[in-house]
>>> print(open('query25.cif').read())   # mmCIF, C-alpha atoms (C1' of nucleotides)
data_coords
#
loop_
_atom_site.label_atom_id
_atom_site.label_comp_id
_atom_site.auth_asym_id
_atom_site.auth_seq_id
_atom_site.Cartn_x
_atom_site.Cartn_y
_atom_site.Cartn_z
CA MET A 518 260.31 102.68 -16.95
CA ARG A 519 260.82 104.60 -20.07
CA GLN A 520 263.66 106.96 -19.45
CA ASP A 521 264.27 106.70 -23.16
CA ARG A 522 263.79 110.36 -23.86
CA THR A 523 266.28 111.75 -21.40
CA THR A 524 268.55 108.86 -22.13
CA ASP A 525 268.42 109.49 -25.86
CA ALA A 526 269.40 113.08 -25.38
CA SER A 527 272.26 111.98 -23.16
CA SER A 528 273.41 109.37 -25.64
CA ALA A 529 273.38 111.89 -28.41
CA ALA A 530 275.41 114.37 -26.41
CA ILE A 531 277.95 111.75 -25.45
CA ARG A 532 278.26 110.42 -28.95
CA ALA A 533 278.48 113.90 -30.37
CA ALA A 534 281.46 114.47 -28.15
CA GLY A 535 283.20 111.56 -29.81
CA LEU A 536 282.83 109.25 -26.83
CA ARG A 537 281.36 105.78 -26.75
CA VAL A 538 277.96 105.48 -25.21
CA THR A 539 277.69 103.16 -22.25
CA ASP A 540 275.06 102.65 -19.60
CA SER A 541 277.14 104.21 -16.89
CA ARG A 542 278.07 107.21 -18.98
CA ARG A 543 274.44 107.79 -19.79
CA ALA A 544 273.64 107.50 -16.13
CA VAL A 545 276.38 109.97 -15.24
CA TYR A 546 275.07 112.45 -17.76
CA ASP A 547 271.50 111.96 -16.58
CA ALA A 548 272.59 112.44 -12.99
CA LEU A 549 274.04 115.82 -13.87
CA ARG A 550 270.83 116.83 -15.57
CA ALA A 551 268.95 116.07 -12.40
CA HIS A 552 271.56 117.55 -10.07
CA PRO A 553 273.29 120.44 -11.79
CA HIS A 554 276.10 120.77 -9.23
CA ALA A 555 276.86 117.28 -8.08
CA THR A 556 280.09 115.98 -6.60
CA ALA A 557 281.68 112.87 -8.05
CA ASP A 558 280.42 111.03 -5.03
CA ALA A 559 276.86 112.27 -5.43
CA VAL A 560 276.95 111.32 -9.08
CA HIS A 561 278.15 107.90 -8.10
CA GLU A 562 275.22 107.45 -5.73
CA LEU A 563 272.79 108.42 -8.44
CA VAL A 564 274.44 106.28 -11.06
CA ARG A 565 274.31 103.22 -8.87
CA GLU A 566 270.55 103.49 -8.74
CA VAL A 567 270.61 102.78 -12.45
CA VAL A 568 273.69 100.62 -12.93
CA ALA A 569 274.31 99.12 -9.55
CA SER A 570 277.76 97.79 -10.33
CA THR A 571 279.29 101.09 -11.37
CA SER A 572 282.53 101.81 -9.56
CA PRO A 573 283.54 105.20 -8.22
CA GLN A 574 286.49 105.11 -10.56
CA SER A 575 284.23 104.80 -13.58
CA VAL A 576 282.41 107.88 -12.46
CA TYR A 577 285.67 109.76 -12.17
CA ASN A 578 286.63 108.47 -15.60
CA ALA A 579 283.36 109.48 -17.16
CA LEU A 580 283.37 112.91 -15.58
CA GLY A 581 286.98 113.46 -16.53
CA ASP A 582 286.33 112.38 -20.09
CA PHE A 583 283.27 114.58 -20.30
CA ALA A 584 285.21 117.52 -18.99
CA ALA A 585 288.03 116.95 -21.44
CA ALA A 586 285.48 116.73 -24.25
CA GLY A 587 283.84 119.95 -23.18
CA LEU A 588 280.59 118.24 -22.27
CA VAL A 589 280.89 119.15 -18.66
CA ARG A 590 282.41 121.92 -16.62
CA ARG A 591 284.29 121.26 -13.46
CA ILE A 592 284.03 123.62 -10.51
CA GLU A 593 286.23 123.42 -7.46
CA PRO A 594 285.13 125.69 -4.66
CA ALA A 595 287.63 126.14 -1.87
CA GLY A 596 287.01 123.62 0.86
CA HIS A 597 284.59 121.51 -1.12
CA PRO A 598 285.11 118.45 -3.30
CA MET A 599 284.86 119.24 -6.96
CA MET A 600 281.50 119.48 -8.65
CA PHE A 601 280.35 119.12 -12.20
CA GLU A 602 277.76 120.88 -14.26
CA LEU A 603 276.37 120.64 -17.77
CA ARG A 604 276.16 124.37 -18.42
CA VAL A 605 279.27 124.88 -20.47
CA ASP A 606 278.41 127.24 -23.27
CA ASP A 607 277.75 130.39 -21.32
CA ASN A 608 280.32 131.84 -19.00
CA HIS A 609 278.26 131.88 -15.83
CA HIS A 610 279.29 132.17 -12.21
CA HIS A 611 278.38 130.72 -8.85
CA LEU A 612 276.88 131.70 -5.57
CA ILE A 613 278.10 129.40 -2.83
CA CYS A 614 276.74 129.21 0.66
CA THR A 615 279.50 129.32 3.26
CA ALA A 616 277.27 127.48 5.70
CA CYS A 617 275.71 124.61 3.79
CA GLY A 618 277.75 124.55 0.61
CA ALA A 619 274.78 125.02 -1.70
CA VAL A 620 275.77 126.15 -5.17
CA THR A 621 273.60 128.30 -7.38
CA ASP A 622 274.24 129.57 -10.87
CA VAL A 623 274.43 133.26 -11.56
CA ASP A 624 274.20 134.52 -15.09
CA CYS A 625 277.18 136.40 -16.33
CA ALA A 626 276.61 139.91 -17.56
CA THR A 627 278.52 139.44 -20.77
CA GLY A 628 278.00 135.72 -21.27
CA HIS A 629 281.44 135.04 -22.66
CA ALA A 630 284.89 134.61 -21.14
CA PRO A 631 286.71 136.49 -19.86
CA CYS A 632 283.78 138.59 -18.80
CA LEU A 633 285.95 140.80 -16.68
CA ALA A 634 289.37 142.32 -17.16
CA PRO A 635 291.90 142.72 -14.36
CA SER A 636 292.78 146.31 -13.48
CA ASP A 637 296.31 145.44 -14.54
CA ALA A 638 296.94 142.14 -16.31
CA GLN A 639 300.67 142.36 -15.60
CA GLY A 640 301.62 140.52 -18.76
CA TYR A 641 299.19 137.67 -18.30
CA ARG A 642 297.16 136.46 -21.24
CA VAL A 643 293.88 136.16 -19.37
CA VAL A 644 291.50 133.49 -20.61
CA VAL A 645 288.83 133.28 -17.93
CA ALA A 646 287.61 135.47 -15.12
CA GLU A 647 286.09 133.15 -12.59
CA VAL A 648 283.78 134.85 -10.14
CA THR A 649 282.61 133.13 -6.99
CA TYR A 650 280.17 134.85 -4.69
CA TRP A 651 280.42 133.60 -1.14
CA GLY A 652 277.62 134.25 1.31
CA LEU A 653 274.65 132.75 3.05
CA CYS A 654 271.83 131.19 1.10
CA ALA A 655 268.33 132.26 2.08
CA PRO A 656 267.61 129.30 4.41
CA CYS A 657 270.99 129.55 6.14
CA ALA A 658 270.70 133.32 6.49
CA ALA A 659 267.33 132.80 8.15
CA SER A 660 268.58 130.27 10.67
CA ALA A 661 271.75 132.29 11.26
CA VAL A 662 269.62 135.00 12.83
CA ARG A 663 269.08 132.88 15.90
CA THR A 664 272.49 131.19 15.69
CA PRO A 665 275.19 133.86 15.48
CA ALA A 666 277.68 130.98 15.30
CA GLU A 667 281.02 130.65 13.63
CA THR A 668 280.19 130.15 10.02
CA THR A 669 283.00 130.77 7.59
CA SER A 670 286.66 130.58 8.51
CA THR A 671 288.44 127.29 8.81
CA GLY A 672 290.49 128.15 11.86
CA ARG A 673 291.46 125.77 14.59
CA THR A 674 288.82 125.07 17.15
CA SER A 675 291.17 123.95 19.91
CA MET B 882 322.54 138.02 11.15
CA ARG B 883 320.32 140.69 12.42
CA GLN B 884 316.86 140.00 11.17
CA ASP B 885 315.68 141.84 14.25
CA ARG B 886 313.75 144.45 12.38
CA THR B 887 311.59 142.15 10.29
CA THR B 888 311.30 139.86 13.23
CA ASP B 889 310.18 142.66 15.50
CA ALA B 890 307.49 143.65 13.07
CA SER B 891 306.37 140.05 12.86
CA SER B 892 306.32 139.67 16.62
CA ALA B 893 304.26 142.80 16.95
CA ALA B 894 301.75 141.63 14.40
CA ILE B 895 301.43 138.23 16.00
CA ARG B 896 301.08 139.65 19.47
CA ALA B 897 298.60 142.25 18.27
CA ALA B 898 296.46 139.40 17.00
CA GLY B 899 296.32 138.01 20.52
CA LEU B 900 298.62 135.10 19.80
CA ARG B 901 301.73 134.10 21.64
CA VAL B 902 304.98 134.87 19.94
CA THR B 903 307.20 131.90 19.25
CA ASP B 904 310.21 131.39 17.02
CA SER B 905 308.34 129.25 14.55
CA ARG B 906 305.42 131.64 14.32
CA ARG B 907 307.78 134.51 13.66
CA ALA B 908 309.48 132.43 11.02
CA VAL B 909 306.14 131.59 9.42
CA TYR B 910 305.19 135.23 9.32
CA ASP B 911 308.58 136.22 7.93
CA ALA B 912 308.31 133.51 5.29
CA LEU B 913 305.06 135.01 4.07
CA ARG B 914 306.63 138.44 3.89
CA ALA B 915 309.32 137.04 1.65
CA HIS B 916 306.99 134.84 -0.37
CA PRO B 917 303.58 136.45 -0.60
CA HIS B 918 301.77 133.38 -2.01
CA ALA B 919 303.43 130.41 -0.40
CA THR B 920 301.95 126.98 0.13
CA ALA B 921 302.07 125.43 3.58
CA ASP B 922 304.81 123.23 2.30
CA ALA B 923 306.84 126.11 0.93
CA VAL B 924 306.42 127.95 4.21
CA HIS B 925 307.63 124.88 6.01
CA GLU B 926 310.77 124.75 3.90
CA LEU B 927 311.49 128.38 4.66
CA VAL B 928 310.74 128.06 8.34
CA ARG B 929 313.07 125.13 8.71
CA GLU B 930 315.94 127.29 7.56
CA VAL B 931 315.39 129.31 10.70
CA VAL B 932 314.05 126.80 13.20
CA ALA B 933 315.19 123.47 11.86
CA SER B 934 313.04 121.36 14.12
CA THR B 935 309.71 122.88 13.09
CA SER B 936 307.20 120.25 12.08
CA PRO B 937 304.81 120.55 9.15
CA GLN B 938 301.96 120.37 11.59
CA SER B 939 303.19 123.43 13.44
CA VAL B 940 303.20 125.32 10.20
CA TYR B 941 299.62 124.28 9.55
CA ASN B 942 298.76 125.29 13.08
CA ALA B 943 300.40 128.66 12.78
CA LEU B 944 298.88 129.38 9.40
CA GLY B 945 295.49 128.26 10.58
CA ASP B 946 295.73 130.37 13.72
CA PHE B 947 296.89 133.36 11.71
CA ALA B 948 294.02 132.93 9.31
CA ALA B 949 291.52 132.64 12.14
CA ALA B 950 292.98 135.78 13.69
CA GLY B 951 292.73 137.67 10.43
CA LEU B 952 296.49 138.03 10.12
CA VAL B 953 296.62 135.98 6.99
CA ARG B 954 294.36 135.22 4.09
CA ARG B 955 294.01 131.76 2.67
CA ILE B 956 293.60 131.22 -1.03
CA GLU B 957 292.69 127.91 -2.59
CA PRO B 958 292.96 127.90 -6.34
CA ALA B 959 291.39 124.91 -8.05
CA GLY B 960 293.92 122.18 -8.55
CA HIS B 961 296.55 123.73 -6.32
CA PRO B 962 297.35 123.28 -2.66
CA MET B 963 296.24 126.19 -0.58
CA MET B 964 298.35 129.30 -0.32
CA PHE B 965 298.62 132.07 2.21
CA GLU B 966 299.19 135.78 1.95
CA LEU B 967 299.57 138.71 4.29
CA ARG B 968 297.50 141.17 2.31
CA VAL B 969 294.25 141.00 4.18
CA ASP B 970 292.93 144.50 4.46
CA ASP B 971 292.14 145.23 0.87
CA ASN B 972 289.85 143.01 -1.12
CA HIS B 973 292.22 142.15 -3.94
CA HIS B 974 292.11 139.37 -6.49
CA HIS B 975 294.48 136.97 -8.21
CA LEU B 976 295.90 136.19 -11.57
CA ILE B 977 296.88 132.55 -11.77
CA CYS B 978 298.90 130.94 -14.50
CA THR B 979 297.28 127.75 -15.77
CA ALA B 980 300.64 126.47 -16.88
CA CYS B 981 303.03 127.11 -14.02
CA GLY B 982 300.69 128.01 -11.18
CA ALA B 983 302.23 131.41 -10.53
CA VAL B 984 299.99 133.69 -8.52
CA THR B 985 299.97 137.46 -8.84
CA ASP B 986 297.91 140.02 -6.99
CA VAL B 987 295.52 142.26 -8.83
CA ASP B 988 294.14 145.30 -7.16
CA CYS B 989 290.43 145.40 -6.75
CA ALA B 990 288.61 148.30 -8.30
CA THR B 991 286.58 149.10 -5.19
CA GLY B 992 288.97 147.79 -2.55
CA HIS B 993 286.29 146.41 -0.29
CA ALA B 994 284.17 143.26 -0.28
CA PRO B 995 281.98 142.39 -2.00
CA CYS B 996 283.39 144.44 -4.82
CA LEU B 997 280.97 142.97 -7.28
CA ALA B 998 277.28 142.15 -7.09
CA PRO B 999 275.71 139.13 -8.74
CA SER B 1000 273.21 139.90 -11.49
CA ASP B 1001 270.64 138.15 -9.31
CA ALA B 1002 271.58 137.26 -5.75
CA GLN B 1003 268.67 134.81 -5.49
CA GLY B 1004 268.19 135.37 -1.81
CA TYR B 1005 271.82 134.99 -0.89
CA ARG B 1006 273.42 137.40 1.53
CA VAL B 1007 276.62 137.88 -0.40
CA VAL B 1008 279.71 138.65 1.65
CA VAL B 1009 282.57 138.29 -0.78
CA ALA B 1010 282.99 138.28 -4.51
CA GLU B 1011 286.11 136.30 -5.22
CA VAL B 1012 287.56 136.89 -8.65
CA THR B 1013 290.21 134.63 -10.10
CA TYR B 1014 291.73 135.41 -13.45
CA TRP B 1015 293.08 132.31 -15.16
CA GLY B 1016 295.52 132.61 -18.00
CA LEU B 1017 299.14 132.38 -18.99
CA CYS B 1018 301.78 134.43 -17.27
CA ALA B 1019 304.18 136.29 -19.50
CA PRO B 1020 306.97 133.69 -19.45
CA CYS B 1021 304.56 130.79 -20.04
CA ALA B 1022 302.76 132.66 -22.81
CA ALA B 1023 306.11 133.22 -24.49
CA SER B 1024 307.12 129.58 -24.37
CA ALA B 1025 303.61 128.46 -25.35
CA VAL B 1026 304.13 130.05 -28.73
CA ARG B 1027 306.47 127.28 -29.76
CA THR B 1028 304.70 124.64 -27.68
CA PRO B 1029 300.98 124.61 -28.59
CA ALA B 1030 300.60 121.86 -25.99
CA GLU B 1031 297.73 120.86 -23.79
CA THR B 1032 297.86 123.30 -20.94
CA THR B 1033 294.72 123.57 -18.88
CA SER B 1034 292.16 120.79 -18.60
CA THR B 1035 292.71 117.88 -16.31
CA GLY B 1036 291.31 115.22 -18.63
CA ARG B 1037 292.49 111.68 -18.89
CA THR B 1038 295.55 111.17 -20.97
CA SER B 1039 294.92 107.51 -21.82
"C1'" DC C 594 280.63 87.73 -36.32
"C1'" DG C 595 284.96 89.00 -35.01
"C1'" DC C 596 288.44 92.55 -34.26
"C1'" DT C 597 290.25 96.72 -32.50
"C1'" DT C 598 289.95 100.25 -29.44
"C1'" DT C 599 287.79 102.31 -25.73
"C1'" DT C 600 285.88 101.84 -21.32
"C1'" DC C 601 285.20 99.57 -16.79
"C1'" DT C 602 286.72 97.28 -12.71
"C1'" DT C 603 289.76 96.36 -9.06
"C1'" DG C 604 293.02 97.64 -5.99
"C1'" DA C 605 296.95 100.13 -4.73
"C1'" DT C 606 298.84 104.71 -4.11
"C1'" DT C 607 299.48 109.60 -3.61
"C1'" DC C 608 298.77 114.06 -1.85
"C1'" DA C 609 297.03 117.52 1.23
"C1'" DG C 610 295.19 118.35 5.21
"C1'" DT C 611 293.12 117.18 9.83
"C1'" DC C 612 292.72 115.02 14.49
"C1'" DA C 613 294.34 113.92 19.08
"C1'" DA C 614 297.27 113.46 23.06
"C1'" DA C 615 301.35 114.07 25.38
"C1'" DA C 616 305.54 117.07 25.90
"C1'" DC C 617 306.90 121.60 26.10
"C1'" DA C 618 307.29 126.76 26.33
"C1'" DA C 619 305.24 131.69 26.78
"C1'" DG C 620 304.20 135.03 29.68
"C1'" DG C 621 301.45 136.57 33.60
"C1'" DT C 622 301.71 136.32 38.67
"C1'" DA C 623 303.22 135.46 43.47
"C1'" DT D 1193 313.05 134.47 40.24
"C1'" DA D 1194 310.17 130.56 40.41
"C1'" DC D 1195 305.81 128.94 39.52
"C1'" DC D 1196 301.60 128.02 37.24
"C1'" DT D 1197 298.27 128.25 33.78
"C1'" DT D 1198 297.28 128.30 29.29
"C1'" DG D 1199 298.59 128.11 24.64
"C1'" DT D 1200 301.80 125.92 21.35
"C1'" DT D 1201 304.47 122.22 19.35
"C1'" DT D 1202 305.49 117.62 18.39
"C1'" DT D 1203 304.55 113.05 17.05
"C1'" DG D 1204 302.08 109.85 14.70
"C1'" DA D 1205 297.93 108.09 13.17
"C1'" DC D 1206 294.27 108.94 10.08
"C1'" DT D 1207 290.92 110.76 6.66
"C1'" DG D 1208 289.03 112.29 2.20
"C1'" DA D 1209 289.55 113.09 -2.42
"C1'" DA D 1210 291.48 112.08 -6.43
"C1'" DT D 1211 294.84 109.68 -9.45
"C1'" DC D 1212 297.45 105.74 -11.49
"C1'" DA D 1213 297.85 101.22 -13.56
"C1'" DA D 1214 296.72 96.68 -15.49
"C1'" DG D 1215 293.73 93.20 -16.70
"C1'" DA D 1216 288.77 92.12 -17.98
"C1'" DA D 1217 284.88 93.53 -20.52
"C1'" DA D 1218 282.09 95.84 -23.83
"C1'" DA D 1219 281.20 99.31 -27.94
"C1'" DG D 1220 280.92 99.80 -32.46
"C1'" DC D 1221 283.23 99.40 -36.83
"C1'" DG D 1222 284.08 96.53 -40.86
#
>>> encode(input="query25.cif", output="structure tokens")
Amino acid sequence: MRQDRTTDASSAAIRAAGLRVTDSRRAVYDALRAHPHATADAVHELVREVVASTSPQSVYNALGDFAAAGLVRRIEPAGHPMMFELRVDDNHHHLICTACGAVTDVDCATGHAPCLAPSDAQGYRVVVAEVTYWGLCAPCAASAVRTPAETTSTGRTS
Amino acid sequence: MRQDRTTDASSAAIRAAGLRVTDSRRAVYDALRAHPHATADAVHELVREVVASTSPQSVYNALGDFAAAGLVRRIEPAGHPMMFELRVDDNHHHLICTACGAVTDVDCATGHAPCLAPSDAQGYRVVVAEVTYWGLCAPCAASAVRTPAETTSTGRTS
DNA sequence: CGCTTTTCTTGATTCAGTCAAAACAAGGTA
DNA sequence: TACCTTGTTTTGACTGAATCAAGAAAAGCG
């Protein structure tokens, strides 16, 4: 099942980052190409379809190494496990659905970080302005019409 | 040690939110007045100085109830335990130090949510634009001059 | 082909937060 | 004032997510 092409690109990227190329790392990279905002767990699922023996820990290792090498960007939305994405060169932002957790990229106006300056930096040396748009994705907004429901807040339900 | 005044204000706020007033809840509220970006754990420490028997769980309960009642806002910066603040009426943002974790409020230009619109909302019904400025606070920036160090990324250290 | 270094596996461990049920207290009411 | 209902607190177990550590295995150089 020639996955050579995608795999070659992945190998090249991994090697270019100064990391050794292994089957599981290729599979991790490929998984992120297919699922641009996957959790470690989701990546693990996908990787196991290719290299069945891959442990969760290896996935964490690979993702951590990729992130450290700048191959991958880590995003950690409040209340969700962390996710990883391959878009690292532009400074883009995210739309996150408060109902289903879907994550969608939003292009940044300026394209470089920090794209935004605080009204008063108060002595901070600001490196990144991270913008997260929270709301309802189209499907959830549609179904929310009939279900007024409690969507957002994580209060007690007692 | 008359803390009556602060305590009265806290009681009023709690009661106004439709919640019963208890010693530990007052102490939780007072703790947040004194420490505007405290973790649940930090709040617990402070509360125990007033009501020694208070359990961590009660603090979580109180904070969760406050948040659900709109008395308190919850912030969850990537890589840090969640924090709570009393400023809920304006839509302000945060400066967070990547080195020491210090959190500082930044006024929002517009003052209401969402203060910012995505370049392309892609069908989302956006409710909030959450802006987090990551960088080095003044003290950390000063000490970073002599220590080039690895500050940010959570890569493996092996 | 073998050696060195990196990576993978296994398994334990931590941290932060949640769940659930029984004991207890707030505050309205008789 | 005493009671009663409902909301709050405590205790303790439990989960999910991620990290740490050490030995086994493989990558890729010479």
>>> calpha_fit_and_write(input="query25.cif", fixed="chain A", moving="chain B", output="compact mmCIF listing (two decimals) with C-alpha atoms, in the coordinates of the input")
# COMPACT_ATOMS: atom_id res chain seq x y z
CA MET B 882 260.20 102.94 -16.75
CA ARG B 883 260.76 104.73 -19.93
CA GLN B 884 263.59 107.13 -19.42
CA ASP B 885 264.23 106.74 -23.12
CA ARG B 886 263.85 110.38 -23.93
CA THR B 887 266.35 111.76 -21.44
CA THR B 888 268.57 108.84 -22.15
CA ASP B 889 268.43 109.44 -25.87
CA ALA B 890 269.42 113.03 -25.41
CA SER B 891 272.28 111.95 -23.19
CA SER B 892 273.43 109.34 -25.67
CA ALA B 893 273.39 111.89 -28.44
CA ALA B 894 275.42 114.35 -26.44
CA ILE B 895 277.97 111.75 -25.46
CA ARG B 896 278.28 110.42 -28.98
CA ALA B 897 278.50 113.93 -30.39
CA ALA B 898 281.49 114.49 -28.14
CA GLY B 899 283.22 111.57 -29.81
CA LEU B 900 282.86 109.25 -26.85
CA ARG B 901 281.40 105.80 -26.78
CA VAL B 902 277.99 105.47 -25.27
CA THR B 903 277.73 103.15 -22.31
CA ASP B 904 275.10 102.65 -19.65
CA SER B 905 277.18 104.20 -16.93
CA ARG B 906 278.10 107.21 -19.02
CA ARG B 907 274.46 107.79 -19.83
CA ALA B 908 273.65 107.48 -16.17
CA VAL B 909 276.38 109.96 -15.27
CA TYR B 910 275.06 112.43 -17.79
CA ASP B 911 271.49 111.94 -16.62
CA ALA B 912 272.59 112.41 -13.02
CA LEU B 913 274.03 115.80 -13.89
CA ARG B 914 270.81 116.80 -15.61
CA ALA B 915 268.93 116.02 -12.44
CA HIS B 916 271.52 117.51 -10.11
CA PRO B 917 273.26 120.40 -11.81
CA HIS B 918 276.08 120.75 -9.24
CA ALA B 919 276.82 117.25 -8.07
CA THR B 920 280.05 115.98 -6.58
CA ALA B 921 281.65 112.88 -8.04
CA ASP B 922 280.41 111.04 -5.03
CA ALA B 923 276.85 112.27 -5.42
CA VAL B 924 276.94 111.32 -9.08
CA HIS B 925 278.14 107.89 -8.10
CA GLU B 926 275.22 107.43 -5.74
CA LEU B 927 272.80 108.40 -8.47
CA VAL B 928 274.46 106.27 -11.10
CA ARG B 929 274.34 103.22 -8.90
CA GLU B 930 270.58 103.46 -8.78
CA VAL B 931 270.64 102.77 -12.49
CA VAL B 932 273.71 100.61 -12.99
CA ALA B 933 274.36 99.13 -9.59
CA SER B 934 277.79 97.79 -10.37
CA THR B 935 279.32 101.11 -11.41
CA SER B 936 282.54 101.82 -9.58
CA PRO B 937 283.56 105.22 -8.23
CA GLN B 938 286.51 105.14 -10.56
CA SER B 939 284.26 104.82 -13.59
CA VAL B 940 282.41 107.89 -12.47
CA TYR B 941 285.67 109.79 -12.19
CA ASN B 942 286.64 108.50 -15.60
CA ALA B 943 283.38 109.50 -17.18
CA LEU B 944 283.36 112.92 -15.57
CA GLY B 945 286.96 113.48 -16.51
CA ASP B 946 286.34 112.39 -20.09
CA PHE B 947 283.26 114.58 -20.30
CA ALA B 948 285.20 117.53 -18.98
CA ALA B 949 288.02 116.95 -21.43
CA ALA B 950 285.48 116.73 -24.24
CA GLY B 951 283.83 119.96 -23.17
CA LEU B 952 280.57 118.24 -22.28
CA VAL B 953 280.87 119.14 -18.66
CA ARG B 954 282.39 121.90 -16.62
CA ARG B 955 284.26 121.24 -13.43
CA ILE B 956 284.00 123.60 -10.51
CA GLU B 957 286.20 123.42 -7.45
CA PRO B 958 285.09 125.69 -4.67
CA ALA B 959 287.60 126.15 -1.88
CA GLY B 960 287.01 123.65 0.86
CA HIS B 961 284.59 121.52 -1.12
CA PRO B 962 285.09 118.47 -3.28
CA MET B 963 284.84 119.24 -6.93
CA MET B 964 281.49 119.48 -8.63
CA PHE B 965 280.33 119.11 -12.19
CA GLU B 966 277.73 120.87 -14.27
CA LEU B 967 276.35 120.64 -17.77
CA ARG B 968 276.13 124.35 -18.44
CA VAL B 969 279.25 124.87 -20.46
CA ASP B 970 278.40 127.23 -23.25
CA ASP B 971 277.75 130.38 -21.32
CA ASN B 972 280.33 131.81 -19.00
CA HIS B 973 278.26 131.87 -15.83
CA HIS B 974 279.29 132.16 -12.21
CA HIS B 975 278.35 130.71 -8.84
CA LEU B 976 276.85 131.70 -5.57
CA ILE B 977 278.07 129.41 -2.83
CA CYS B 978 276.72 129.22 0.67
CA THR B 979 279.48 129.31 3.27
CA ALA B 980 277.27 127.49 5.71
CA CYS B 981 275.71 124.62 3.80
CA GLY B 982 277.74 124.55 0.61
CA ALA B 983 274.77 125.01 -1.70
CA VAL B 984 275.75 126.14 -5.17
CA THR B 985 273.57 128.29 -7.39
CA ASP B 986 274.21 129.56 -10.88
CA VAL B 987 274.40 133.25 -11.58
CA ASP B 988 274.19 134.50 -15.09
CA CYS B 989 277.17 136.37 -16.34
CA ALA B 990 276.61 139.89 -17.55
CA THR B 991 278.52 139.42 -20.80
CA GLY B 992 278.00 135.69 -21.28
CA HIS B 993 281.44 135.02 -22.66
CA ALA B 994 284.89 134.59 -21.13
CA PRO B 995 286.70 136.48 -19.85
CA CYS B 996 283.75 138.58 -18.81
CA LEU B 997 285.90 140.78 -16.66
CA ALA B 998 289.33 142.30 -17.15
CA PRO B 999 291.87 142.70 -14.38
CA SER B 1000 292.76 146.29 -13.50
CA ASP B 1001 296.30 145.42 -14.55
CA ALA B 1002 296.91 142.12 -16.32
CA GLN B 1003 300.65 142.33 -15.61
CA GLY B 1004 301.60 140.50 -18.75
CA TYR B 1005 299.16 137.67 -18.29
CA ARG B 1006 297.13 136.44 -21.22
CA VAL B 1007 293.86 136.14 -19.37
CA VAL B 1008 291.47 133.47 -20.60
CA VAL B 1009 288.83 133.26 -17.93
CA ALA B 1010 287.60 135.44 -15.13
CA GLU B 1011 286.07 133.13 -12.58
CA VAL B 1012 283.77 134.84 -10.14
CA THR B 1013 282.59 133.14 -6.99
CA TYR B 1014 280.14 134.86 -4.71
CA TRP B 1015 280.40 133.62 -1.14
CA GLY B 1016 277.61 134.24 1.30
CA LEU B 1017 274.64 132.74 3.04
CA CYS B 1018 271.81 131.19 1.10
CA ALA B 1019 268.33 132.25 2.08
CA PRO B 1020 267.59 129.31 4.40
CA CYS B 1021 270.98 129.56 6.13
CA ALA B 1022 270.69 133.33 6.48
CA ALA B 1023 267.32 132.82 8.14
CA SER B 1024 268.59 130.31 10.65
CA ALA B 1025 271.77 132.34 11.24
CA VAL B 1026 269.65 135.06 12.78
CA ARG B 1027 269.10 132.99 15.88
CA THR B 1028 272.49 131.28 15.67
CA PRO B 1029 275.23 133.94 15.45
CA ALA B 1030 277.70 131.06 15.27
CA GLU B 1031 281.06 130.72 13.64
CA THR B 1032 280.28 130.06 10.03
CA THR B 1033 283.11 130.62 7.61
CA SER B 1034 286.76 130.45 8.60
CA THR B 1035 288.51 127.16 8.97
CA GLY B 1036 290.55 128.08 12.03
CA ARG B 1037 291.54 125.77 14.80
CA THR B 1038 288.91 125.14 17.37
CA SER B 1039 291.25 124.17 20.20
>>> resolve_selection(input="query25.cif", expression="the PyMOL selection byres ((chain D) within 10 of (chain A))", output="ChimeraX atom specification")
/D:1199,1208-1211,1218-1220
>>> resolve_selection(input="query25.cif", expression="the PyMOL selection byres ((chain C and resi 607-616) around 8)", output="ChimeraX atom specification")
/B:962 /C:606,617 /D:1202,1206-1207,1211
>>> resolve_selection(input="query25.cif", expression="the PyMOL selection byres ((chain B) within 9 of (chain A))", output="ChimeraX atom specification")
/B:942,944-950,956-960,963,974-978,985,987-990,995,997-1022,1034-1037
>>> atom_distance(input="query25.cif", atom1="atom CA of Phe601 of chain A", atom2="atom CA of His973 of chain B")
27.2 Å
>>> residues_near_point(input="query25.cif", point="(295.8, 140.6, 14.0)", cutoff="7 Å", atoms="all atoms listed in the file", output="PDB file with C-alpha atoms, keeping the file's coordinate frame")
ATOM      1  CA  ALA B 894     301.750 141.630  14.400  1.00  0.00           C
ATOM      2  CA  ILE B 895     301.430 138.230  16.000  1.00  0.00           C
ATOM      3  CA  ALA B 897     298.600 142.250  18.270  1.00  0.00           C
ATOM      4  CA  ALA B 898     296.460 139.400  17.000  1.00  0.00           C
ATOM      5  CA  ALA B 950     292.980 135.780  13.690  1.00  0.00           C
ATOM      6  CA  GLY B 951     292.730 137.670  10.430  1.00  0.00           C
ATOM      7  CA  LEU B 952     296.490 138.030  10.120  1.00  0.00           C
TER       8      LEU B 952
END
>>> atom_distance(input="query25.cif", atom1="atom CA of Val576 of chain A", atom2="atom CA of Val545 of chain A")
7.0 Å
>>> residues_around(input="query25.cif", residues="DA623 of chain C", least_positions_apart="6", cutoff="12 Å", atoms="only C-alpha atoms (C1' of nucleotides)", output="PyMOL selection string")
chain D and resi 1193-1196
>>> interface_residues(input="query25.cif", of="chain C", to="chain A", cutoff="8 Å", atoms="all atoms listed in the file", output="MDAnalysis selection string")
chainID C and resid 599 601:602
>>> atom_distance(input="query25.cif", atom1="atom CA of Tyr910 of chain B", atom2="atom CA of Ser891 of chain B")
6.1 Å
